[in-house]
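Peer 1: Dropping the structure in here first, questions after.
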Amino acid sequence: DGIFEVVLEVESLDRAEAFYRALGFDPYDRGSDRRRVRLDGPVELELWEPQRGLADARGGVHVDMGLLVDDPATVVDAVAEEVRSVEEVTGGVRVQDPDGHYLTIA
């Protein structure tokens with residue numbers, strides 16, 4: 001797939017970390033000089049509170065990404081109380097996380 005990591009800008013790092021942990025991501029690195037956490041999962045995911053990063057970059061603001069999992073229904077159930085929306089799509093489910101990012105879970 002060639003993707004190294006996805007960086008998402010989030011309003012609350014603690015809330016976003018809890019959300020993505022419920023999806024099966026595991027934190028393994030935290031920023032000491034800025035509010036960020038890096039998580040390992042189907043793809044490396046870095047969550048940032050609004051800030052400028054390397055080369056003055058920002059995290060993605062309205063990201064739409066897909067995740068392949070063994071049991072999409074179980075994964076969606078783990079975050080059903082926190083998502084903004086849930087939509088059935090061909091082969092899976094599309095949810096909108098609390099920060100407005102879309103995840104298609106198939």
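Chain identifiers are assigned as A, B, and so on, following the order in which chains appear in the structure tokens; residues are numbered from 1 within each chain, and ligands are numbered from 1 in order of appearance.
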Using the chain letters and numbers from this document, which residues of range 6-76 of chain A does DSSP assign to strand (DSSP E), as a ChimeraX atom specification?
Peer 2: /A:6-9,26-30,36-40,44-48,64-67
Peer 1: Select from chain A everything DSSP, run on the backbone, classes as helix (DSSP H, G or I), then give the selection as a ChimeraX atom specification.
Peer 2: /A:13-22,54-56,72-79
Peer 1: Sorted by chain and rising residue number, list the residues of range 16-39 of chain A at most 10 Å from range 96-102 of chain A (counting only C-alpha atoms), each with its closest atom pair and distance in Å to one decimal, as JSON lines.
Peer 2:
```
{"residue": "A:Ala16", "atom": "CA", "partner": "A:Pro98", "partner_atom": "CA", "distance": 7.6}
{"residue": "A:Phe19", "atom": "CA", "partner": "A:Asp97", "partner_atom": "CA", "distance": 8.0}
{"residue": "A:Tyr20", "atom": "CA", "partner": "A:Asp97", "partner_atom": "CA", "distance": 9.2}
```
Peer 1: Under the rule that only C-alpha atoms are counted, which of A:Thr104, A:Val37, A:Ala80, A:Glu44 is the nearest residue to Leu68 in chain A?
Peer 2: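 When distances to Leu68 in chain A are compared using only C-alpha atoms, the smallest one comes from A:Thr104.
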Peer 1: Go through A:Gly41, A:Leu47, A:Leu67, A:Gly24 and flag the residue nearest Val7 in chain A, using only C-alpha atoms for the distances.
Peer 2: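 Ranking A:Gly41, A:Leu47, A:Leu67, A:Gly24 by distance to Val7 in chain A, first place goes to A:Leu47.
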Peer 1: Here is a test: counting only C-alpha atoms, which residue of A:Val89, A:Val6, A:Ala78, A:Met65 is nearest to Leu103 in chain A?
Peer 2: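 Residue with the minimum atom-to-atom distance to Leu103 in chain A: A:Met65.
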Peer 1: Please report the interatomic distance between CA of Ile3 in chain A and CA of Val43 in chain A in Å with one decimal.
Peer 2: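 Interatomic distance, CA of Ile3 in chain A to CA of Val43 in chain A: 7.4 Å.
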Peer 1: Quick one: of A:Asp77, A:Ser85, A:Phe4, A:Asp70, who's nearest to Asp40 in chain A, counting only C-alpha atoms?
Peer 2: A:Phe4
Peer 1: Distance CA of Leu8 in chain A-CA of Glu82 in chain A, one decimal place?
Peer 2: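 Taking CA of Leu8 in chain A and CA of Glu82 in chain A, their separation equals 16.9 Å.
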